[in-house]
Number of protein chains: 4
Amino acid sequence: MKTIDLNSDMGESFGPYIMGNDEEMIKVISSANVGCGFHGGDPLVMHKTLSMAKANDVGVGAHPGFYDLWGFGRRQIHGERPEDVEKTLVYQIGAIQGMAASLDMEVTHYKIHGSLGNMACVDEALAMAAGRAVKSVNKDLLFMVLPGSELEKAAEKLGLRCAREIFADRAYDDNGMLVPRKVDGAVIHDPDEAALRIVKFVEEGAIFSVTGKKIPVKIDSICVHGDTPSAVAMAVKVRDALKDAGIEIQSIAKTLA
Amino acid sequence: MKTIDLNSDMGESFGPYIMGNDEEMIKVISSANVGCGFHGGDPLVMHKTLSMAKANDVGVGAHPGFYDLWGFGRRQIHGERPEDVEKTLVYQIGAIQGMAASLDMEVTHYKIHGSLGNMACVDEALAMAAGRAVKSVNKDLLFMVLPGSELEKAAEKLGLRCAREIFADRAYDDNGMLVPRKVDGAVIHDPDEAALRIVKFVEEGAIFSVTGKKIPVKIDSICVHGDTPSAVAMAVKVRDALKDAGIEIQSIAKTLA
Amino acid sequence: MKTIDLNSDMGESFGPYIMGNDEEMIKVISSANVGCGFHGGDPLVMHKTLSMAKANDVGVGAHPGFYDLWGFGRRQIHGERPEDVEKTLVYQIGAIQGMAASLDMEVTHYKIHGSLGNMACVDEALAMAAGRAVKSVNKDLLFMVLPGSELEKAAEKLGLRCAREIFADRAYDDNGMLVPRKVDGAVIHDPDEAALRIVKFVEEGAIFSVTGKKIPVKIDSICVHGDTPSAVAMAVKVRDALKDAGIEIQSIAKTLA
Amino acid sequence: MKTIDLNSDMGESFGPYIMGNDEEMIKVISSANVGCGFHGGDPLVMHKTLSMAKANDVGVGAHPGFYDLWGFGRRQIHGERPEDVEKTLVYQIGAIQGMAASLDMEVTHYKIHGSLGNMACVDEALAMAAGRAVKSVNKDLLFMVLPGSELEKAAEKLGLRCAREIFADRAYDDNGMLVPRKVDGAVIHDPDEAALRIVKFVEEGAIFSVTGKKIPVKIDSICVHGDTPSAVAMAVKVRDALKDAGIEIQSIAKTLA
């Protein structure tokens with residue numbers, strides 16, 4: 001039976017500030033990318049998120065970002081040396097591994113957040129820094145990357161296991177890259193359309209660009225966003241459509257174990 | 001041959017802000033209590049501090065504090081549940097363990113910083129939270145505590161290994177507790193006096209109070225402060241006096257290994 | 001015609017993190033206590049909140065708190081000198097006055113947030129610091145205080161104009177003080193009950209304690225909370241009940257102008 | 001008698017963290033650019049710095065920067081809208097004006113810090129945002145700018161008074177722009193050389209580039225850096241050389257008053 005992973009960012013609340021509907025989303029997905037306190041998340045939120053993941057048998061990933069709470073890791077911060085960014089990632093991976101240990105759990109994957117992730121997708125030095133960070137703390141973590149990105153190449157160069165993800169609600173161009181958000185049609189808002197599309201992608205082992213071009217890629221995981229009001233509804237649609245098509249939802253860490 | 005550990009807080013710089021003279025202090029001590037980013041320290045500082053500890057064969061300890069950079073962990077923060085404080089400690093221990101792993105090192109001890117440490121010395125619930133935190137992430141860490149404090153009792157209740165420390169530059173009262181800083185004579189400023197006193201304490205296995213009362217205690221480590229201009233000079237005096245008395249300086253983690 | 005002020009805390013969102021439903025609440029109240037960036041709020045949020053207040057003809061107050069975003073100003077922070085707390089308040093008042101100036105508006109009142117407010121209610125030195133802060137930056141701001149508190153006394157000693165507020169949803173004891181939240185019945189959750197009660201208080205110029213004791217107090221403003229899901233509904237009930245009783249809702253700054 | 005202003009950044013310490021030697025530098029300069037809490041500085045530091053400026057009859061300027069304490073405002077942060085950056089500047093100007101008011105002082109100039117300043121020097125939209133910010137809060141503040149920069153143009157477009165500054169320790173290229181720090185010879189480390197050069201610049205009303213080209217510019221102020229160990233020594237040399245040449249050191253705000 002074919003399986004696929006469904007991942008979402010969560011654990012990005014901070015103190016009294018709530019981000020996303022983690023309680024509902026955790027029931028839908030198979031892998032949670034958990035904020036590590038630099039762009040979002042804090043020790044209490046992390047503890048609660050990991051506890052929910054354990055209760056729902058959801059795989060846990062480190063989801064580190066820029067040290068920028070105010071910008072939620074979405075501001076593009078330049079002028080840091082890659083080897084320094086690397087240390088900030090090491091710290092965050094360690095922190096979530098400590099929390100997981102305290103709950104008798106294990107972190108099983110790793111996905112870079114926000115602007116740092118986007119920048120590292122197209123910047124070899126940053127991508128290698130991101131790869132070295134996880135390799136040096138825990139080389140067994142699955143590195144979740146965009147197919148074709150510098151992050152994927154870095155993972156391969158460093159001999160890291162990686163998981164390729166595609167986005168449920170984002171359009172792709174003919175090079176297999178994401179259409180920038182500013183472009184009309186870049187984001188798919190209709191849950192049914194997103195769900196239908198994703199089933200097709202998974203069944204065919206390929207993404208289809210906005211012009212209809214078929215681009216074969218390895219697809220290990222589907223990312224559903226968590227921080228919009230309709231996020232859970234979209235995730236449920238995608239999950240149900242996949243199940244209806246006979247595709248089981250399972251954590252990629254478990255699949256590859 | 002008798003040995004004793006010499007410990008000091010370090011790695012508490014932040015970004016461009018320098019705290020203490022870590023480069024010199026690391027050459028004098030045998031155990032470094034390294035800031036974990038909540039009251040001081042950041043991933044770059046932590047990386048540099050651990051690297052220096054490795055190069056100088058100095059034992060590394062997690063030195064977590066309140067989430068309060070502005071107050072440097074010295075503001076007394078009330079109204080947090082002990083189980084929540086516990087999670088902030090877990091996070092910080094994990095972070096430094098991750099950094100140590102990235103440098104092929106191990107964290108070997110654990111000491112609470114500032115006001116949280118002081119509050120936990122006299123608050124059973126906080127002390128137990130501090131103990132549970134380290135037990136849940138890494139029960140092998142040596143818990144550095146003040147003899148007679150709630151932290152020591154918590155360590156014993158939880159079956160944690162612990163190391164008892166005394167302060168090189170602080171006066172003790174007849175109950176073996178620190179004389180509050182506000183009281184005249186609470187802090188010993190003369191390095192020679194401090195050094196002489198410490199040799200006596202270590203040789204006799206006892207502290208002597210301000211009234212001259214002898215209070216036998218187990219002494220595993222001597223804490224020298226790192227954040228005053230004269231800190232290194234004081235530490236050098238203490239170290240040299242101990243060596244002259246035939247007492248070797250050695251990391252307590254190594255001694256108890 | 002009798003008038004009363006209705007005040008609520010707002011502008012306490014931070015970056016991507018939303019707190020409260022300010023867009024709706026601003027339509028109901030007459031005075032907004034606006035976060036100043038230390039416990040909540042940021043320059044963008046402050047700008048937006050002031051703009052909304054202007055559009056809705058709502059009076060604007062500085063609402064400064066402890067420098068503690070993570071704790072949202074609700075952690076009790078000890079060990080700061082009152083004269084230092086004073087400077088943090090001065091800074092925050094200045095910041096919101098700058099923002100108001102940039103929008104051709106004026107700040108007209110001042111209310112301390114959270115734990116700092118609670119602590120200053122019963123601590124003369126803190127209360128005087130809070131009073132000196134506003135006096136030194138802008139002595140014309142109305143100081144919003146609890147009747148009978150140290151804040152009220154400080155305002156009187158310093159010759160500051162002040163506005164007395166009562167809480168729509170909190171029970172009072174026989175001394176006219178708030179029943180602590182932990183006590184059963186301390187918080188009134190039923191909007192109708194809260195509304196009825198407040199009308200009675202305003203009409204009689206007195207609060208009635210949990211035992212039914214009548215305690216005459218000067219009532220200038222009613223505080224409705226803004227950070228719970230049902231907050232707006234409660235505020236609407238209170239406002240409508242007051243209006244139905246022939247009491248007009250008007251900013252206290254306008255009333256006293 | 002010819003006069004010139006000598007300015008330096010200060011008030012950028014934070015909590016227990018000391019930056020620069022403000023106590024000494026304040027005796028040498030005539031204008032202090034005071035950190036406003038976003039990249040450095042805090043209310044206590046600001047209060048102390050303004051008090052020292054008052055005691056030494058030194059002009060006080062708002063010195064706002066990116067909201068980035070860890071990076072000390074030196075990280076280049078992209079992806080913020082200019083109108084949002086504007087609000088962060090408004091907030092900071094307001095904060096320091098509040099503090100000045102509490103000390104019966106006035107802020108008289110305005111200078112953007114670090115990366116934000118550098119970015120605004122070459123980015124028209126950012127420069128206009130920086131100009132609008134000060135115009136909307138206090139249009140009387142003197143805007144300190146680099147001659148030839150977008151900041152100078154923005155000040156002119158917006159009808160703001162401005163003061164042109166040159167750097168004591170930085171080399172200029174043939175276009176009158178700073179030689180990038182990475183280039184050999186970009187920074188002048190010898191205090192005597194810096195002093196000699198500056199006297200020539202001021203006397204001739206021109207800067208001389210690395211190739212010897214004379215570029216006439218209006219020079220109102222000379223910036224001496226404050227955050228290196230040798231900063232005060234450099235500033236003293238520059239001041240003494242100017243005085244020896246018969247040029248009086250006077251705050252530009254006073255000169256233009």
# chains A, B, ... in the order shown; residues from 1 in each chain; ligands from 1
$ interface_residues --of "chain D" --to "chain A" --cutoff "6 Å" --atoms "only C-alpha atoms" --output "MDAnalysis selection string"
chainID D and resid 75:79
$ residues_around --residues "Pro229 in chain C" --least-positions-apart "6" --cutoff "12 Å" --atoms "only C-alpha atoms" --output "list in words"
Met19, Gly20, Asn21, Asp22, Glu24, Met25, His189 and Ala235 of chain C
$ atom_distance --atom1 "CA of Asn138 in chain C" --atom2 "CA of Ala257 in chain D"
25.3 Å
$ residues_around --residues "Glu23 in chain A" --least-positions-apart "2" --cutoff "12 Å" --atoms "only C-alpha atoms" --output "PyMOL selection string"
chain A and resi 10-11+18-21+25-29+32+45+48-53+55-56+226+232
$ write_last_selection --atoms "N, CA and C atoms" --output "mmCIF file, in the first residue's frame"
data_model
loop_
_atom_site.group_PDB
_atom_site.id
_atom_site.type_symbol
_atom_site.label_atom_id
_atom_site.label_comp_id
_atom_site.auth_asym_id
_atom_site.auth_seq_id
_atom_site.Cartn_x
_atom_site.Cartn_y
_atom_site.Cartn_z
ATOM 1 N N MET A 10 4.083 23.667 13.583
ATOM 2 C CA MET A 10 3.285 23.961 14.782
ATOM 3 C C MET A 10 4.202 24.251 15.968
ATOM 4 N N GLY A 11 3.581 24.448 17.129
ATOM 5 C CA GLY A 11 4.409 24.788 18.289
ATOM 6 C C GLY A 11 5.066 26.139 18.113
ATOM 7 N N ILE A 18 -1.109 32.951 20.874
ATOM 8 C CA ILE A 18 -1.441 31.696 20.189
ATOM 9 C C ILE A 18 -1.217 31.823 18.689
ATOM 10 N N MET A 19 -0.560 30.844 18.109
ATOM 11 C CA MET A 19 -0.392 30.789 16.659
ATOM 12 C C MET A 19 -0.941 29.447 16.165
ATOM 13 N N GLY A 20 -1.901 29.516 15.277
ATOM 14 C CA GLY A 20 -2.430 28.285 14.688
ATOM 15 C C GLY A 20 -3.334 27.508 15.623
ATOM 16 N N ASN A 21 -3.915 26.466 15.082
ATOM 17 C CA ASN A 21 -4.832 25.618 15.845
ATOM 18 C C ASN A 21 -4.195 24.241 15.977
ATOM 19 N N MET A 25 -4.964 20.466 14.320
ATOM 20 C CA MET A 25 -4.072 20.075 13.225
ATOM 21 C C MET A 25 -3.318 18.789 13.541
ATOM 22 N N ILE A 26 -2.978 18.622 14.816
ATOM 23 C CA ILE A 26 -2.180 17.447 15.196
ATOM 24 C C ILE A 26 -2.941 16.137 14.909
ATOM 25 N N LYS A 27 -4.275 16.232 14.839
ATOM 26 C CA LYS A 27 -5.082 15.019 14.573
ATOM 27 C C LYS A 27 -5.080 14.642 13.090
ATOM 28 N N VAL A 28 -4.635 15.571 12.263
ATOM 29 C CA VAL A 28 -4.746 15.376 10.815
ATOM 30 C C VAL A 28 -3.427 14.935 10.193
ATOM 31 N N ILE A 29 -2.331 15.421 10.733
ATOM 32 C CA ILE A 29 -1.027 15.231 10.087
ATOM 33 C C ILE A 29 -0.282 14.013 10.630
ATOM 34 N N ALA A 32 4.994 16.660 12.634
ATOM 35 C CA ALA A 32 4.888 18.038 13.125
ATOM 36 C C ALA A 32 6.279 18.683 13.104
ATOM 37 N N VAL A 45 5.442 25.794 25.286
ATOM 38 C CA VAL A 45 4.746 25.451 24.041
ATOM 39 C C VAL A 45 5.360 24.190 23.431
ATOM 40 N N LYS A 48 4.243 21.137 25.360
ATOM 41 C CA LYS A 48 2.849 20.805 25.070
ATOM 42 C C LYS A 48 2.715 20.200 23.668
ATOM 43 N N THR A 49 3.432 20.774 22.727
ATOM 44 C CA THR A 49 3.339 20.288 21.352
ATOM 45 C C THR A 49 3.883 18.874 21.229
ATOM 46 N N LEU A 50 5.013 18.629 21.877
ATOM 47 C CA LEU A 50 5.577 17.276 21.828
ATOM 48 C C LEU A 50 4.640 16.281 22.514
ATOM 49 N N SER A 51 4.026 16.711 23.614
ATOM 50 C CA SER A 51 3.086 15.824 24.307
ATOM 51 C C SER A 51 1.909 15.472 23.405
ATOM 52 N N MET A 52 1.404 16.462 22.689
ATOM 53 C CA MET A 52 0.298 16.203 21.766
ATOM 54 C C MET A 52 0.738 15.289 20.625
ATOM 55 N N ALA A 53 1.949 15.479 20.154
ATOM 56 C CA ALA A 53 2.458 14.637 19.067
ATOM 57 C C ALA A 53 2.550 13.184 19.538
ATOM 58 N N ALA A 55 0.812 11.775 21.927
ATOM 59 C CA ALA A 55 -0.539 11.240 22.121
ATOM 60 C C ALA A 55 -1.201 10.888 20.797
ATOM 61 N N ASN A 56 -0.828 11.592 19.743
ATOM 62 C CA ASN A 56 -1.447 11.358 18.431
ATOM 63 C C ASN A 56 -0.547 10.562 17.490
ATOM 64 N N GLY A 226 -0.250 25.866 8.601
ATOM 65 C CA GLY A 226 -0.993 25.795 9.844
ATOM 66 C C GLY A 226 -1.452 27.126 10.394
ATOM 67 N N VAL A 232 -6.841 24.119 8.961
ATOM 68 C CA VAL A 232 -7.233 22.758 9.334
ATOM 69 C C VAL A 232 -8.189 22.179 8.289
#
$ atom_distance --atom1 "CA of Gly131 in chain C" --atom2 "CA of Arg170 in chain C"
24.9 Å
$ select_by_dssp --residues "range 83-150 of chain C" --states "strand (DSSP E or B)" --output "PyMOL selection string"
chain C and resi 109-110+142-145
$ atom_distance --atom1 "CA of Gly205 in chain A" --atom2 "CA of Asp227 in chain A"
27.5 Å
$ residues_around --residues "Ile166 in chain B" --least-positions-apart "5" --cutoff "8 Å" --atoms "only C-alpha atoms" --output "PDB file with all heavy atoms, in the first residue's frame"
ATOM      1  N   LEU B 146      24.615  24.141  46.700  1.00  0.00           N
ATOM      2  CA  LEU B 146      25.137  24.633  47.969  1.00  0.00           C
ATOM      3  C   LEU B 146      24.824  23.609  49.056  1.00  0.00           C
ATOM      4  O   LEU B 146      23.687  23.147  49.153  1.00  0.00           O
ATOM      5  CB  LEU B 146      24.471  25.956  48.354  1.00  0.00           C
ATOM      6  CG  LEU B 146      24.767  27.174  47.508  1.00  0.00           C
ATOM      7  CD1 LEU B 146      24.376  28.437  48.270  1.00  0.00           C
ATOM      8  CD2 LEU B 146      26.240  27.237  47.145  1.00  0.00           C
ATOM      9  N   PRO B 147      25.815  23.282  49.868  1.00  0.00           N
ATOM     10  CA  PRO B 147      25.548  22.350  50.976  1.00  0.00           C
ATOM     11  C   PRO B 147      24.437  22.921  51.863  1.00  0.00           C
ATOM     12  O   PRO B 147      24.448  24.119  52.180  1.00  0.00           O
ATOM     13  CB  PRO B 147      26.876  22.308  51.738  1.00  0.00           C
ATOM     14  CG  PRO B 147      27.914  22.862  50.820  1.00  0.00           C
ATOM     15  CD  PRO B 147      27.195  23.776  49.877  1.00  0.00           C
ATOM     16  N   ILE B 219      33.076  19.432  50.535  1.00  0.00           N
ATOM     17  CA  ILE B 219      33.428  20.483  49.568  1.00  0.00           C
ATOM     18  C   ILE B 219      34.003  19.838  48.316  1.00  0.00           C
ATOM     19  O   ILE B 219      35.085  19.245  48.351  1.00  0.00           O
ATOM     20  CB  ILE B 219      34.466  21.463  50.163  1.00  0.00           C
ATOM     21  CG1 ILE B 219      33.926  22.089  51.466  1.00  0.00           C
ATOM     22  CG2 ILE B 219      34.802  22.565  49.152  1.00  0.00           C
ATOM     23  CD1 ILE B 219      34.934  22.981  52.184  1.00  0.00           C
ATOM     24  N   SER B 221      33.777  21.640  45.194  1.00  0.00           N
ATOM     25  CA  SER B 221      34.136  22.667  44.210  1.00  0.00           C
ATOM     26  C   SER B 221      34.124  24.037  44.868  1.00  0.00           C
ATOM     27  O   SER B 221      33.407  24.274  45.830  1.00  0.00           O
ATOM     28  CB  SER B 221      33.144  22.633  43.047  1.00  0.00           C
ATOM     29  OG  SER B 221      33.562  23.491  42.005  1.00  0.00           O
ATOM     30  N   ILE B 222      34.925  24.911  44.313  1.00  0.00           N
ATOM     31  CA  ILE B 222      34.976  26.290  44.794  1.00  0.00           C
ATOM     32  C   ILE B 222      34.550  27.197  43.653  1.00  0.00           C
ATOM     33  O   ILE B 222      35.083  27.117  42.544  1.00  0.00           O
ATOM     34  CB  ILE B 222      36.410  26.649  45.239  1.00  0.00           C
ATOM     35  CG1 ILE B 222      36.777  25.794  46.455  1.00  0.00           C
ATOM     36  CG2 ILE B 222      36.529  28.134  45.554  1.00  0.00           C
ATOM     37  CD1 ILE B 222      38.253  25.633  46.615  1.00  0.00           C
ATOM     38  N   CYS B 223      33.593  28.041  43.946  1.00  0.00           N
ATOM     39  CA  CYS B 223      33.098  28.950  42.920  1.00  0.00           C
ATOM     40  C   CYS B 223      33.847  30.278  42.983  1.00  0.00           C
ATOM     41  O   CYS B 223      33.868  30.930  44.032  1.00  0.00           O
ATOM     42  CB  CYS B 223      31.600  29.200  43.102  1.00  0.00           C
ATOM     43  SG  CYS B 223      30.924  30.311  41.855  1.00  0.00           S
TER      44      CYS B 223
END
$ residues_around --residues "range 150-154 of chain D" --least-positions-apart "3" --cutoff "9 Å" --atoms "only C-alpha atoms" --output "ChimeraX atom specification"
/D:117,120-132,143-147,157-160,162-164
$ select_by_dssp --residues "range 113-145 of chain D" --states "helix (DSSP H, G or I)" --output "PyMOL selection string"
chain D and resi 114-122+124-138
$ closest_residue --among "B:Gly61, B:Leu6, B:Tyr110, B:Asn33" --to "Val236 in chain B" --atoms "only C-alpha atoms"
B:Leu6
$ residues_around --residues "Ile4 in chain A" --least-positions-apart "3" --cutoff "12 Å" --atoms "only C-alpha atoms" --output "PyMOL selection string"
chain A and resi 1+7+29-31+163-166+198-199+201-203+205+218-223+238-239+242-243+245-256
$ write_last_selection --atoms "N, CA and C atoms" --output "short mmCIF file (atom, residue, chain, number, x, y, z; two decimals), in the first residue's frame"
data_model
loop_
_atom_site.label_atom_id
_atom_site.label_comp_id
_atom_site.auth_asym_id
_atom_site.auth_seq_id
_atom_site.Cartn_x
_atom_site.Cartn_y
_atom_site.Cartn_z
N MET A 1 0.84 -1.21 0.00
CA MET A 1 0.00 0.00 0.00
C MET A 1 0.88 1.26 0.00
N ASN A 7 2.89 16.89 6.59
CA ASN A 7 3.59 17.67 7.63
C ASN A 7 3.04 19.08 7.74
N ILE A 29 -2.33 15.42 10.73
CA ILE A 29 -1.03 15.23 10.09
C ILE A 29 -0.28 14.01 10.63
N SER A 30 0.84 13.70 10.00
CA SER A 30 1.68 12.60 10.51
C SER A 30 3.05 13.07 10.96
N SER A 31 3.43 14.30 10.59
CA SER A 31 4.70 14.86 11.05
C SER A 31 4.52 16.32 11.45
N ALA A 163 14.08 13.84 3.09
CA ALA A 163 12.70 13.63 2.69
C ALA A 163 12.30 14.82 1.82
N ARG A 164 11.73 14.52 0.64
CA ARG A 164 11.33 15.60 -0.27
C ARG A 164 9.87 15.96 -0.02
N GLU A 165 9.62 17.24 0.09
CA GLU A 165 8.24 17.65 0.35
C GLU A 165 7.73 18.56 -0.78
N ILE A 166 6.44 18.50 -0.98
CA ILE A 166 5.78 19.45 -1.87
C ILE A 166 4.70 20.17 -1.08
N ILE A 198 -3.14 17.31 -5.22
CA ILE A 198 -2.13 16.57 -4.45
C ILE A 198 -2.25 15.07 -4.70
N VAL A 199 -3.50 14.58 -4.77
CA VAL A 199 -3.68 13.16 -5.05
C VAL A 199 -3.03 12.81 -6.39
N PHE A 201 -0.58 14.41 -7.92
CA PHE A 201 0.88 14.51 -7.78
C PHE A 201 1.44 13.22 -7.17
N VAL A 202 0.80 12.78 -6.08
CA VAL A 202 1.32 11.62 -5.37
C VAL A 202 1.17 10.36 -6.23
N GLU A 203 0.03 10.25 -6.88
CA GLU A 203 -0.20 9.05 -7.70
C GLU A 203 0.77 8.99 -8.88
N GLY A 205 3.69 10.56 -9.01
CA GLY A 205 5.09 10.77 -8.64
C GLY A 205 5.68 11.96 -9.38
N LYS A 218 10.62 12.93 -6.57
CA LYS A 218 10.37 12.03 -5.44
C LYS A 218 9.54 12.81 -4.43
N ILE A 219 8.42 12.28 -4.02
CA ILE A 219 7.56 12.97 -3.06
C ILE A 219 7.42 12.13 -1.80
N ASP A 220 7.99 12.61 -0.71
CA ASP A 220 7.91 11.88 0.56
C ASP A 220 6.89 12.49 1.50
N SER A 221 6.64 13.78 1.32
CA SER A 221 5.79 14.45 2.30
C SER A 221 5.05 15.61 1.64
N ILE A 222 3.91 15.93 2.20
CA ILE A 222 3.12 17.05 1.72
C ILE A 222 2.99 18.04 2.85
N CYS A 223 3.34 19.29 2.55
CA CYS A 223 3.27 20.32 3.59
C CYS A 223 1.93 21.04 3.53
N VAL A 238 -7.23 17.47 2.18
CA VAL A 238 -6.09 16.81 1.55
C VAL A 238 -5.95 15.39 2.09
N ARG A 239 -6.03 15.27 3.40
CA ARG A 239 -5.91 13.95 4.00
C ARG A 239 -7.00 13.00 3.51
N LEU A 242 -6.55 11.87 -0.06
CA LEU A 242 -5.48 10.88 -0.19
C LEU A 242 -5.97 9.51 0.28
N LYS A 243 -6.65 9.50 1.41
CA LYS A 243 -7.17 8.24 1.94
C LYS A 243 -8.16 7.60 0.97
N ALA A 245 -8.18 7.84 -2.06
CA ALA A 245 -7.44 7.31 -3.21
C ALA A 245 -6.59 6.10 -2.82
N GLY A 246 -6.78 5.64 -1.60
CA GLY A 246 -6.06 4.45 -1.16
C GLY A 246 -4.63 4.70 -0.71
N ILE A 247 -4.34 5.95 -0.42
CA ILE A 247 -2.98 6.29 0.03
C ILE A 247 -3.00 6.52 1.54
N GLU A 248 -2.18 5.79 2.25
CA GLU A 248 -2.17 5.89 3.70
C GLU A 248 -1.30 7.06 4.15
N ILE A 249 -1.75 7.75 5.21
CA ILE A 249 -0.95 8.83 5.79
C ILE A 249 -0.05 8.23 6.86
N GLN A 250 1.24 8.41 6.71
CA GLN A 250 2.17 7.86 7.70
C GLN A 250 3.41 8.74 7.78
N SER A 251 3.88 8.92 8.97
CA SER A 251 5.10 9.71 9.18
C SER A 251 6.22 9.17 8.31
N ILE A 252 6.92 10.10 7.62
CA ILE A 252 8.01 9.66 6.74
C ILE A 252 9.12 9.00 7.55
N ALA A 253 9.29 9.44 8.79
CA ALA A 253 10.32 8.84 9.62
C ALA A 253 10.01 7.36 9.88
N LYS A 254 8.72 7.07 10.06
CA LYS A 254 8.30 5.69 10.27
C LYS A 254 8.45 4.89 8.99
N THR A 255 8.06 5.50 7.87
CA THR A 255 8.14 4.82 6.58
C THR A 255 9.58 4.43 6.25
N LEU A 256 10.48 5.34 6.53
CA LEU A 256 11.89 5.10 6.18
C LEU A 256 12.67 4.38 7.28
#
$ residues_around --residues "Phe72 in chain B" --least-positions-apart "5" --cutoff "7 Å" --atoms "only C-alpha atoms" --output "tab-separated table (two decimals) with C-alpha atoms, in the first residue's frame"
chain	number	residue	atom	x	y	z
B	39	HIS	CA	19.80	35.05	31.06
B	40	GLY	CA	23.00	35.37	29.03
D	16	PRO	CA	24.32	44.38	32.78
$ closest_residue --among "B:Lys214, B:Lys200, B:His109, B:His225" --to "Pro64 in chain B" --atoms "only C-alpha atoms"
B:His109
